[in-house]
>>> print(open('query05.txt').read())   # compact mmCIF, C-alpha atoms
# COMPACT_ATOMS: atom_id res chain seq x y z
CA VAL A 598 0.00 0.00 0.00
CA LEU A 599 1.44 3.35 -1.05
CA ILE A 600 0.87 6.04 1.60
CA THR A 601 1.74 9.71 1.18
CA SER A 602 2.26 11.62 4.41
CA GLY A 603 3.26 14.94 5.92
CA PRO A 604 3.65 18.38 4.36
CA THR A 605 5.81 19.41 1.46
CA ARG A 606 7.96 22.54 1.40
CA GLN A 607 8.42 25.03 -1.40
CA TYR A 608 11.47 27.20 -1.01
CA VAL A 609 11.47 30.96 -1.56
CA ASP A 610 15.24 31.24 -1.08
CA PRO A 611 17.90 28.97 0.52
CA VAL A 612 16.36 29.27 4.02
CA ARG A 613 12.72 30.30 3.70
CA PHE A 614 9.83 28.16 2.52
CA LEU A 615 6.07 27.84 2.24
CA SER A 616 4.60 24.86 4.06
CA ASN A 617 1.65 23.83 6.22
CA GLU A 618 0.89 22.34 9.61
CA SER A 619 0.63 18.71 8.53
CA SER A 620 2.62 16.64 11.02
CA GLY A 621 2.52 13.23 9.35
CA ARG A 622 0.59 11.78 12.31
CA MET A 623 -2.26 10.47 10.17
CA GLY A 624 0.22 8.99 7.67
CA GLN A 625 2.07 7.35 10.55
CA ALA A 626 -1.19 5.90 11.92
CA LEU A 627 -2.16 4.69 8.43
CA ALA A 628 1.23 3.01 7.96
CA GLU A 629 0.83 1.30 11.34
CA ALA A 630 -2.67 0.13 10.41
CA VAL A 631 -1.44 -1.25 7.07
CA VAL A 632 1.54 -3.01 8.64
CA SER A 633 -0.61 -4.46 11.43
CA ARG A 634 -2.80 -6.03 8.73
CA GLY A 635 0.30 -7.89 7.52
CA LEU A 636 0.53 -5.75 4.38
CA ASP A 637 3.58 -3.91 3.05
CA ALA A 638 3.59 -0.12 3.41
CA VAL A 639 5.58 2.28 1.23
CA VAL A 640 5.48 5.75 2.81
CA VAL A 641 6.48 8.79 0.77
CA SER A 642 6.83 11.54 3.36
CA GLY A 643 7.65 15.22 3.51
CA PRO A 644 9.72 16.66 6.38
CA VAL A 645 8.27 15.42 9.68
CA SER A 646 9.67 14.85 13.15
CA LEU A 647 8.03 11.51 13.89
CA ALA A 648 8.98 7.91 13.20
CA TYR A 649 7.13 5.61 10.80
CA PRO A 650 6.85 1.91 11.65
CA ARG A 651 10.16 0.17 11.02
CA GLU A 652 8.39 -2.39 8.82
CA ALA A 653 7.48 0.38 6.36
CA GLN A 654 9.70 1.48 3.50
CA VAL A 655 10.05 5.25 3.90
CA ILE A 656 11.04 7.61 1.10
CA ALA A 657 11.78 11.17 2.26
CA ILE A 658 10.95 14.04 -0.07
CA THR A 659 10.78 17.84 0.24
CA THR A 660 8.74 19.47 -2.52
CA THR A 661 5.46 18.59 -4.23
CA ASP A 662 7.35 17.77 -7.44
CA ASP A 663 9.55 15.36 -5.43
CA LEU A 664 6.41 13.78 -3.97
CA LEU A 665 4.92 13.25 -7.40
CA ALA A 666 8.15 11.80 -8.82
CA ALA A 667 8.63 9.37 -5.92
CA CYS A 668 4.99 8.24 -6.04
CA MET A 669 5.05 7.77 -9.81
CA GLU A 670 8.05 5.50 -9.30
CA GLN A 671 6.47 3.48 -6.47
CA PHE A 672 2.83 3.24 -7.53
CA PRO A 673 3.35 0.64 -10.31
CA ARG A 674 4.43 -1.92 -7.68
CA CYS A 675 1.62 -1.08 -5.22
CA ASP A 676 -1.95 -2.38 -5.02
CA ALA A 677 -3.60 0.60 -3.35
CA LEU A 678 -2.98 4.26 -2.55
CA ILE A 679 -3.83 6.33 0.51
CA ALA A 680 -2.93 9.96 -0.11
CA ALA A 681 -2.73 11.56 3.34
CA ALA A 682 0.05 14.05 2.56
CA ALA A 683 -0.69 17.77 2.50
CA PRO A 684 1.38 18.85 -0.50
CA CYS A 685 1.85 22.56 -1.06
CA ASP A 686 -0.52 23.64 -3.81
CA PHE A 687 1.57 26.67 -4.68
CA ARG A 688 5.29 27.30 -5.15
CA PRO A 689 7.27 30.48 -5.79
CA GLU A 690 7.71 30.98 -9.52
CA LYS A 691 11.38 31.78 -8.88
CA VAL A 692 13.57 30.52 -6.07
CA ALA A 693 16.21 33.10 -5.10
CA ASP A 694 19.82 31.85 -5.14
CA GLN A 695 20.69 33.88 -2.05
CA LYS A 696 18.79 34.75 1.10
CA ILE A 697 16.50 37.67 0.36
CA SER A 698 17.40 40.68 2.54
CA LYS A 699 14.98 43.19 3.96
CA SER A 700 14.84 46.24 1.75
CA GLY A 701 12.28 48.27 3.68
CA ARG A 702 9.82 47.82 0.81
CA GLY A 703 8.33 44.38 1.44
CA LEU A 704 8.30 41.67 -1.18
CA THR A 705 5.93 40.39 -3.86
CA LEU A 706 5.93 36.63 -4.23
CA GLN A 707 4.53 35.28 -7.45
CA LEU A 708 3.25 31.76 -6.81
CA VAL A 709 2.37 29.16 -9.39
CA GLU A 710 0.36 26.00 -8.82
CA THR A 711 2.12 22.71 -8.21
CA PRO A 712 1.05 19.46 -9.89
CA ASP A 713 -1.95 17.65 -8.38
CA VAL A 714 -0.28 14.52 -7.03
CA LEU A 715 -3.46 12.66 -6.12
CA ALA A 716 -5.10 13.33 -9.50
CA ALA A 717 -1.94 12.30 -11.36
CA LEU A 718 -1.74 8.99 -9.48
CA ALA A 719 -5.46 8.22 -9.59
CA ALA A 720 -5.45 8.84 -13.36
CA VAL A 721 -3.29 5.72 -13.75
CA LYS A 722 -4.84 3.68 -10.94
CA GLY A 723 -6.74 1.23 -13.13
CA GLY A 724 -8.73 -0.98 -10.77
CA ARG A 725 -6.64 -0.22 -7.68
CA PRO A 726 -8.47 1.42 -4.76
CA VAL A 727 -7.48 5.01 -4.02
CA MET A 728 -8.33 7.03 -0.93
CA GLY A 729 -7.62 10.75 -0.89
CA PHE A 730 -7.86 13.35 1.84
CA ALA A 731 -9.43 16.79 1.63
CA LEU A 732 -8.91 19.53 4.14
CA GLU A 733 -11.48 22.25 3.76
CA THR A 734 -12.33 25.25 5.90
CA GLU A 735 -15.72 25.88 4.25
CA GLN A 736 -18.28 23.94 2.17
CA GLY A 737 -16.42 20.79 3.14
CA ARG A 738 -18.73 18.06 1.82
CA GLN A 739 -19.45 19.74 -1.50
CA ARG A 740 -15.80 20.41 -2.19
CA ALA A 741 -14.71 16.98 -1.05
CA ALA A 742 -17.30 15.28 -3.30
CA LEU A 743 -16.15 17.43 -6.23
CA LYS A 744 -12.51 16.56 -5.55
CA LEU A 745 -13.34 12.86 -5.46
CA LYS A 746 -14.89 13.07 -8.91
CA GLN A 747 -12.28 15.36 -10.46
CA LYS A 748 -9.45 13.27 -9.08
CA ASN A 749 -10.89 9.82 -9.80
CA CYS A 750 -10.74 8.57 -6.19
CA ASP A 751 -12.80 5.76 -4.67
CA PHE A 752 -13.00 7.45 -1.29
CA ILE A 753 -12.25 10.90 -0.04
CA VAL A 754 -11.68 11.60 3.62
CA LEU A 755 -12.81 15.02 4.74
CA ASN A 756 -11.03 16.49 7.73
CA SER A 757 -10.67 19.93 9.21
CA PRO A 758 -7.69 22.11 10.17
CA GLN A 759 -8.47 21.44 13.84
CA SER A 760 -7.09 17.91 13.44
CA LEU A 761 -3.70 19.02 12.08
CA ASN A 762 -0.86 17.92 14.33
CA GLN A 763 -3.35 16.61 16.92
CA PRO A 764 -3.52 13.08 18.34
CA ALA A 765 -7.27 12.74 17.66
CA THR A 766 -9.40 13.48 14.63
CA GLU A 767 -12.91 13.35 13.25
CA VAL A 768 -13.49 12.55 9.59
CA GLU A 769 -16.28 11.98 7.11
CA VAL A 770 -15.71 9.52 4.28
CA ILE A 771 -17.37 10.15 0.93
CA ASP A 772 -17.52 7.48 -1.78
CA ARG A 773 -18.17 7.62 -5.53
CA SER A 774 -21.89 8.08 -4.91
CA GLY A 775 -21.00 11.51 -3.45
CA GLU A 776 -22.58 10.52 -0.14
CA VAL A 777 -21.04 10.35 3.32
CA VAL A 778 -20.67 6.59 3.84
CA ALA A 779 -18.87 6.66 7.17
CA THR A 780 -17.91 9.01 9.99
CA PHE A 781 -14.99 8.07 12.21
CA SER A 782 -13.75 9.90 15.25
CA GLY A 783 -11.21 9.11 17.94
CA SER A 784 -7.46 8.66 18.09
CA LYS A 785 -5.71 8.83 14.73
CA GLY A 786 -4.76 5.18 15.33
CA SER A 787 -8.35 4.00 15.59
CA VAL A 788 -9.50 6.23 12.72
CA ALA A 789 -6.62 4.96 10.53
CA ARG A 790 -7.57 1.33 11.19
CA ALA A 791 -11.17 2.10 10.25
CA LEU A 792 -10.07 3.85 7.04
CA VAL A 793 -7.79 0.99 6.00
CA GLY A 794 -10.64 -1.43 6.76
CA LEU A 795 -12.92 0.56 4.47
CA LEU A 796 -10.43 0.76 1.58
CA LEU A 797 -9.23 -2.84 1.85
CA PRO A 798 -12.17 -4.81 3.24
CA VAL B 1145 19.32 34.95 30.47
CA LEU B 1146 16.68 35.51 27.79
CA ILE B 1147 17.14 33.16 24.82
CA THR B 1148 15.10 33.29 21.63
CA SER B 1149 14.98 30.06 19.66
CA GLY B 1150 13.50 28.31 16.65
CA PRO B 1151 11.62 29.67 13.66
CA THR B 1152 8.49 31.76 13.57
CA ARG B 1153 5.56 31.15 11.23
CA GLN B 1154 3.54 33.67 9.26
CA TYR B 1155 0.23 32.36 8.04
CA VAL B 1156 -1.09 32.87 4.50
CA ASP B 1157 -4.46 31.26 5.31
CA PRO B 1158 -5.68 28.92 8.09
CA VAL B 1159 -3.35 26.07 7.04
CA ARG B 1160 -0.47 27.50 5.02
CA PHE B 1161 2.45 29.51 6.31
CA LEU B 1162 5.86 30.93 5.57
CA SER B 1163 8.66 29.66 7.78
CA ASN B 1164 12.28 28.52 7.69
CA GLU B 1165 14.45 25.54 8.56
CA SER B 1166 15.46 26.64 12.05
CA SER B 1167 15.03 23.65 14.37
CA GLY B 1168 15.69 25.28 17.75
CA ARG B 1169 18.73 23.04 18.28
CA MET B 1170 21.10 25.96 18.88
CA GLY B 1171 18.59 27.58 21.26
CA GLN B 1172 18.26 24.28 23.09
CA ALA B 1173 22.06 23.97 23.38
CA LEU B 1174 22.31 27.59 24.58
CA ALA B 1175 19.60 27.00 27.21
CA GLU B 1176 21.48 23.92 28.40
CA ALA B 1177 24.74 25.87 28.56
CA VAL B 1178 23.08 28.67 30.55
CA VAL B 1179 21.40 26.27 32.97
CA SER B 1180 24.60 24.28 33.45
CA ARG B 1181 26.28 27.52 34.55
CA GLY B 1182 23.70 27.73 37.35
CA LEU B 1183 21.91 30.64 35.67
CA ASP B 1184 18.18 30.97 34.94
CA ALA B 1185 17.10 30.61 31.32
CA VAL B 1186 13.94 32.07 29.83
CA VAL B 1187 13.40 30.60 26.35
CA VAL B 1188 10.96 32.23 23.94
CA SER B 1189 10.56 29.67 21.20
CA GLY B 1190 8.72 29.26 17.92
CA PRO B 1191 7.24 25.89 16.89
CA VAL B 1192 9.90 23.19 17.33
CA SER B 1193 9.82 19.46 17.95
CA LEU B 1194 12.55 19.27 20.57
CA ALA B 1195 12.61 19.64 24.35
CA TYR B 1196 14.29 22.50 26.20
CA PRO B 1197 15.94 21.77 29.57
CA ARG B 1198 13.31 21.35 32.26
CA GLU B 1199 15.03 23.99 34.38
CA ALA B 1200 14.29 26.61 31.71
CA GLN B 1201 11.10 28.65 31.58
CA VAL B 1202 9.74 28.16 28.06
CA ILE B 1203 7.28 30.54 26.36
CA ALA B 1204 5.86 29.19 23.10
CA ILE B 1205 5.06 31.65 20.32
CA THR B 1206 4.12 31.40 16.63
CA THR B 1207 4.65 34.66 14.75
CA THR B 1208 7.39 37.29 14.77
CA ASP B 1209 5.00 39.77 16.41
CA ASP B 1210 4.34 37.17 19.16
CA LEU B 1211 8.09 36.75 19.61
CA LEU B 1212 8.61 40.48 19.98
CA ALA B 1213 5.73 40.85 22.45
CA ALA B 1214 6.89 37.94 24.63
CA CYS B 1215 10.49 39.16 24.64
CA MET B 1216 9.49 42.73 25.48
CA GLU B 1217 7.62 41.33 28.46
CA GLN B 1218 10.49 39.12 29.65
CA PHE B 1219 13.55 41.26 28.90
CA PRO B 1220 13.10 43.73 31.79
CA ARG B 1221 13.67 40.92 34.30
CA CYS B 1222 16.66 39.43 32.45
CA ASP B 1223 20.36 40.33 32.61
CA ALA B 1224 21.41 39.24 29.14
CA LEU B 1225 19.97 38.28 25.75
CA ILE B 1226 20.98 35.63 23.26
CA ALA B 1227 18.87 35.94 20.13
CA ALA B 1228 19.19 32.61 18.35
CA ALA B 1229 15.69 32.50 16.87
CA ALA B 1230 15.19 32.78 13.13
CA PRO B 1231 12.09 35.00 12.98
CA CYS B 1232 10.35 35.37 9.64
CA ASP B 1233 11.37 38.73 8.17
CA PHE B 1234 8.28 38.89 5.98
CA ARG B 1235 4.58 38.20 6.52
CA PRO B 1236 1.62 38.20 4.13
CA GLU B 1237 -0.03 41.61 4.14
CA LYS B 1238 -3.41 39.87 4.40
CA VAL B 1239 -4.19 36.51 5.97
CA ALA B 1240 -7.09 34.77 4.20
CA ASP B 1241 -9.98 33.69 6.46
CA GLN B 1242 -10.49 30.49 4.49
CA LYS B 1243 -8.11 28.08 2.81
CA ILE B 1244 -7.14 29.49 -0.59
CA SER B 1245 -8.24 27.13 -3.38
CA LYS B 1246 -6.40 26.50 -6.61
CA SER B 1247 -7.87 28.66 -9.36
CA GLY B 1248 -5.61 27.61 -12.22
CA ARG B 1249 -4.11 31.10 -12.23
CA GLY B 1250 -1.51 30.97 -9.46
CA LEU B 1251 -1.40 33.47 -6.65
CA THR B 1252 0.34 36.75 -5.88
CA LEU B 1253 1.40 37.11 -2.28
CA GLN B 1254 2.12 40.61 -1.09
CA LEU B 1255 4.55 40.41 1.82
CA VAL B 1256 5.40 43.13 4.31
CA GLU B 1257 8.36 43.22 6.66
CA THR B 1258 7.97 42.09 10.25
CA PRO B 1259 9.46 44.03 13.17
CA ASP B 1260 13.17 43.52 13.86
CA VAL B 1261 13.04 41.72 17.21
CA LEU B 1262 16.76 41.82 17.95
CA ALA B 1263 17.04 45.54 17.16
CA ALA B 1264 13.95 46.35 19.26
CA LEU B 1265 15.35 44.50 22.27
CA ALA B 1266 18.92 45.75 21.91
CA ALA B 1267 17.63 49.34 21.68
CA VAL B 1268 16.53 49.04 25.31
CA LYS B 1269 19.37 46.84 26.54
CA GLY B 1270 21.21 49.50 28.51
CA GLY B 1271 24.40 47.87 29.81
CA ARG B 1272 23.17 44.30 29.41
CA PRO B 1273 25.16 42.07 27.05
CA VAL B 1274 23.39 41.07 23.84
CA MET B 1275 24.42 38.38 21.39
CA GLY B 1276 22.64 38.11 18.05
CA PHE B 1277 22.86 35.59 15.26
CA ALA B 1278 23.15 36.26 11.55
CA LEU B 1279 22.57 33.71 8.86
CA GLU B 1280 23.94 34.86 5.55
CA THR B 1281 24.40 33.09 2.25
CA GLU B 1282 26.78 35.70 0.80
CA GLN B 1283 29.10 38.48 2.09
CA GLY B 1284 28.66 36.99 5.53
CA ARG B 1285 31.23 38.94 7.58
CA GLN B 1286 30.40 42.32 6.09
CA ARG B 1287 26.68 41.87 6.58
CA ALA B 1288 27.08 40.44 10.07
CA ALA B 1289 29.29 43.37 11.11
CA LEU B 1290 26.75 45.81 9.69
CA LYS B 1291 23.90 44.06 11.52
CA LEU B 1292 25.83 44.21 14.78
CA LYS B 1293 26.17 47.97 14.45
CA GLN B 1294 22.65 48.66 13.19
CA LYS B 1295 21.13 46.48 15.89
CA ASN B 1296 23.30 47.61 18.81
CA CYS B 1297 24.60 44.13 19.71
CA ASP B 1298 27.76 43.29 21.62
CA PHE B 1299 28.41 40.15 19.65
CA ILE B 1300 27.03 38.73 16.47
CA VAL B 1301 27.37 35.07 15.63
CA LEU B 1302 27.66 34.35 11.94
CA ASN B 1303 26.46 30.96 10.78
CA SER B 1304 25.52 29.42 7.48
CA PRO B 1305 22.43 27.60 6.20
CA GLN B 1306 24.41 24.33 6.27
CA SER B 1307 24.15 24.32 10.07
CA LEU B 1308 20.33 24.57 10.15
CA ASN B 1309 18.77 21.56 11.82
CA GLN B 1310 22.17 19.86 12.08
CA PRO B 1311 23.82 18.56 15.26
CA ALA B 1312 27.12 20.37 14.54
CA THR B 1313 27.94 23.90 13.50
CA GLU B 1314 30.76 26.28 12.70
CA VAL B 1315 30.46 29.93 13.63
CA GLU B 1316 32.44 33.16 13.59
CA VAL B 1317 31.85 35.68 16.35
CA ILE B 1318 32.20 39.37 15.58
CA ASP B 1319 32.37 42.00 18.33
CA ARG B 1320 31.83 45.76 18.35
CA SER B 1321 35.22 46.32 16.73
CA GLY B 1322 33.78 44.66 13.63
CA GLU B 1323 36.47 41.99 13.79
CA VAL B 1324 36.14 38.22 14.08
CA VAL B 1325 37.13 37.62 17.71
CA ALA B 1326 36.45 33.90 17.87
CA THR B 1327 35.67 30.92 15.66
CA PHE B 1328 33.97 27.92 17.20
CA SER B 1329 33.16 24.63 15.55
CA GLY B 1330 31.90 21.31 16.81
CA SER B 1331 28.68 20.02 18.33
CA LYS B 1332 26.08 22.68 18.99
CA GLY B 1333 26.51 21.83 22.69
CA SER B 1334 30.20 22.68 22.73
CA VAL B 1335 29.71 25.76 20.54
CA ALA B 1336 26.87 26.95 22.80
CA ARG B 1337 29.03 26.63 25.91
CA ALA B 1338 31.79 28.62 24.20
CA LEU B 1339 29.31 31.35 23.15
CA VAL B 1340 27.83 31.63 26.66
CA GLY B 1341 31.37 31.81 28.05
CA LEU B 1342 32.17 34.68 25.68
CA LEU B 1343 29.00 36.65 26.50
CA LEU B 1344 29.09 36.04 30.25
CA PRO B 1345 32.77 35.62 31.13
>>> encode(input="query05.txt", output="structure tokens")
Amino acid sequence: VLITSGPTRQYVDPVRFLSNESSGRMGQALAEAVVSRGLDAVVVSGPVSLAYPREAQVIAITTTDDLLAACMEQFPRCDALIAAAAPCDFRPEKVADQKISKSGRGLTLQLVETPDVLAALAAVKGGRPVMGFALETEQGRQRAALKLKQKNCDFIVLNSPQSLNQPATEVEVIDRSGEVVATFSGSKGSVARALVGLLLP
Amino acid sequence: VLITSGPTRQYVDPVRFLSNESSGRMGQALAEAVVSRGLDAVVVSGPVSLAYPREAQVIAITTTDDLLAACMEQFPRCDALIAAAAPCDFRPEKVADQKISKSGRGLTLQLVETPDVLAALAAVKGGRPVMGFALETEQGRQRAALKLKQKNCDFIVLNSPQSLNQPATEVEVIDRSGEVVATFSGSKGSVARALVGLLLP
């Protein structure tokens, strides 16, 4: 099972970057749930400060492009995908060679969109089950259902920013019908086991 | 001794932020060096995933404005300052209420400069010794010497991006003469003890 986990980073200059609060905790819990089912886990993870299960193969990446490249390499030998990473959706158009100094005039950062990793993987999924995650701060269900369709997922897990970097979470799972088919809440461990059970019955 | 440590974060929307690679390791080593000298350490720290010595008082902050406010509150009761934090120098002019969605057109982020925490503290230092840090990717000594003067520090410690989030480091220390008065390299623990020894002989 291929699992993506954690944030990505998009550098502005050699020391500054754009990122998000994803901690990799859900990815860690998912890897543990997969491994505890006796399945092999391949985790492609952005920079996190936690440990994945030692039974998992872990591939460390930094940017969204790295994430896509590593996943494209691993997905052919996997039977399912759980995309729990929070890749940066935007990156600076230019990365400065040197640290940008204060000038007294502020700074305009032109951002461009990064590739959609989940959509790119699900486009080549064939019959393999794919579970994506959506983090929304408004119109959660509508947007999640739309993402599921646009990205060709079998399930999309809707969570909220309140669960980022927290031990517990509460999620709604939407399937291809566009309906909420399950709601799980509790520790990320128990929620992860329920999600893996849903994807790989 | 007041010690600032770690990065700050400046949010773009509820989940995305600008930050940098500072891990708080040098601040942790400095706090340990201060405590091991039998002195009290007050650590004002951005988001990090490491533990400061339990003898230290730790104040957790997120943004550069938070860092400044917490330090301004603590500095009056301290006898020295070591500013090892890497505060964000820029913040988005506006923070979006809701997560910004991809539109297919990219995004322009207008950034404004954040307050200079080290300069603000050193301006009211009186006779208290102040050590700042400078991370430069080019013209390091010149820029560090200029920063020392502009910011009214007694010492400025010049380090390079290669030392960020690493166990070891190599630094040059510049004093008010503008000259390199010491070079320390080794574990951050040994370098921190040498820096504390220089500031508080």
>>> residues_around(input="query05.txt", residues="A:Ser757", least_positions_apart="2", cutoff="9 Å", atoms="only C-alpha atoms", output="number ranges by chain")
A: 731-734, 737, 755, 759-761, 766-768
>>> interface_residues(input="query05.txt", of="chain A", to="chain B", cutoff="10 Å", atoms="all atoms listed in the file", output="ChimeraX atom specification")
/A:606-619,645-647,683,685-690,694-711,732-735,757-759,761
>>> residues_around(input="query05.txt", residues="B:Gly1276", least_positions_apart="5", cutoff="10 Å", atoms="only C-alpha atoms", output="list in words")
Thr1148, Leu1225, Ile1226, Ala1227, Ala1228, Ala1229, Leu1262, Ala1263, Ala1266, Ala1288, Lys1291, Leu1292, Lys1295, Asn1296, Cys1297, Asp1298, Phe1299, Ile1300, Val1301, Leu1302, Val1317 and Ile1318 of chain B
>>> atom_distance(input="query05.txt", atom1="atom CA of B:Leu1344", atom2="atom CA of B:Ala1213")
25.1 Å
>>> atom_distance(input="query05.txt", atom1="atom CA of B:Thr1152", atom2="atom CA of B:Ala1195")
16.7 Å
>>> residues_near_point(input="query05.txt", point="(-3.9, 7.0, 17.8)", cutoff="7 Å", atoms="only C-alpha atoms", output="PDB file with C-alpha atoms, in the frame of the given file")
ATOM      1  CA  ALA A 626      -1.190   5.900  11.920  1.00  0.00           C
ATOM      2  CA  PRO A 764      -3.520  13.080  18.340  1.00  0.00           C
ATOM      3  CA  ALA A 765      -7.270  12.740  17.660  1.00  0.00           C
ATOM      4  CA  SER A 784      -7.460   8.660  18.090  1.00  0.00           C
ATOM      5  CA  LYS A 785      -5.710   8.830  14.730  1.00  0.00           C
ATOM      6  CA  GLY A 786      -4.760   5.180  15.330  1.00  0.00           C
ATOM      7  CA  SER A 787      -8.350   4.000  15.590  1.00  0.00           C
TER       8      SER A 787
END
>>> atom_distance(input="query05.txt", atom1="atom CA of B:Arg1337", atom2="atom CA of B:Ala1177")
5.1 Å
>>> closest_residue(input="query05.txt", among="A:Glu670, A:Pro726, A:Val777, A:Pro604", to="A:Ser620", atoms="only C-alpha atoms")
A:Pro604
>>> closest_residue(input="query05.txt", among="A:Val632, A:Ala742, A:Val640, A:Val793", to="A:Asp772", atoms="only C-alpha atoms")
A:Ala742
>>> axis_aligned_box(input="query05.txt", around="stretch 1256-1273 of chain B", padding_each_side="6 Å", output="JSON")
{"center_x": 15.3, "center_y": 45.6, "center_z": 17.1, "size_x": 31.8, "size_y": 19.8, "size_z": 37.5}
>>> closest_residue(input="query05.txt", among="A:Asn762, A:Asn756, A:Thr661, A:Gln736", to="A:Asp713", atoms="all atoms listed in the file")
A:Thr661
>>> closest_residue(input="query05.txt", among="A:Ala779, A:Ala717, A:Met669, A:Val641", to="A:Ala657", atoms="all atoms listed in the file")
A:Val641
>>> residues_around(input="query05.txt", residues="B:Ala1200", least_positions_apart="6", cutoff="12 Å", atoms="only C-alpha atoms", output="list of chain:residue names")
B:Val1145, B:Leu1146, B:Ile1147, B:Gly1171, B:Gln1172, B:Ala1173, B:Leu1174, B:Ala1175, B:Glu1176, B:Ala1177, B:Val1178, B:Val1179, B:Ser1180, B:Gly1182, B:Leu1183, B:Asp1184, B:Ala1185, B:Val1186, B:Val1187, B:Val1188, B:Ser1189
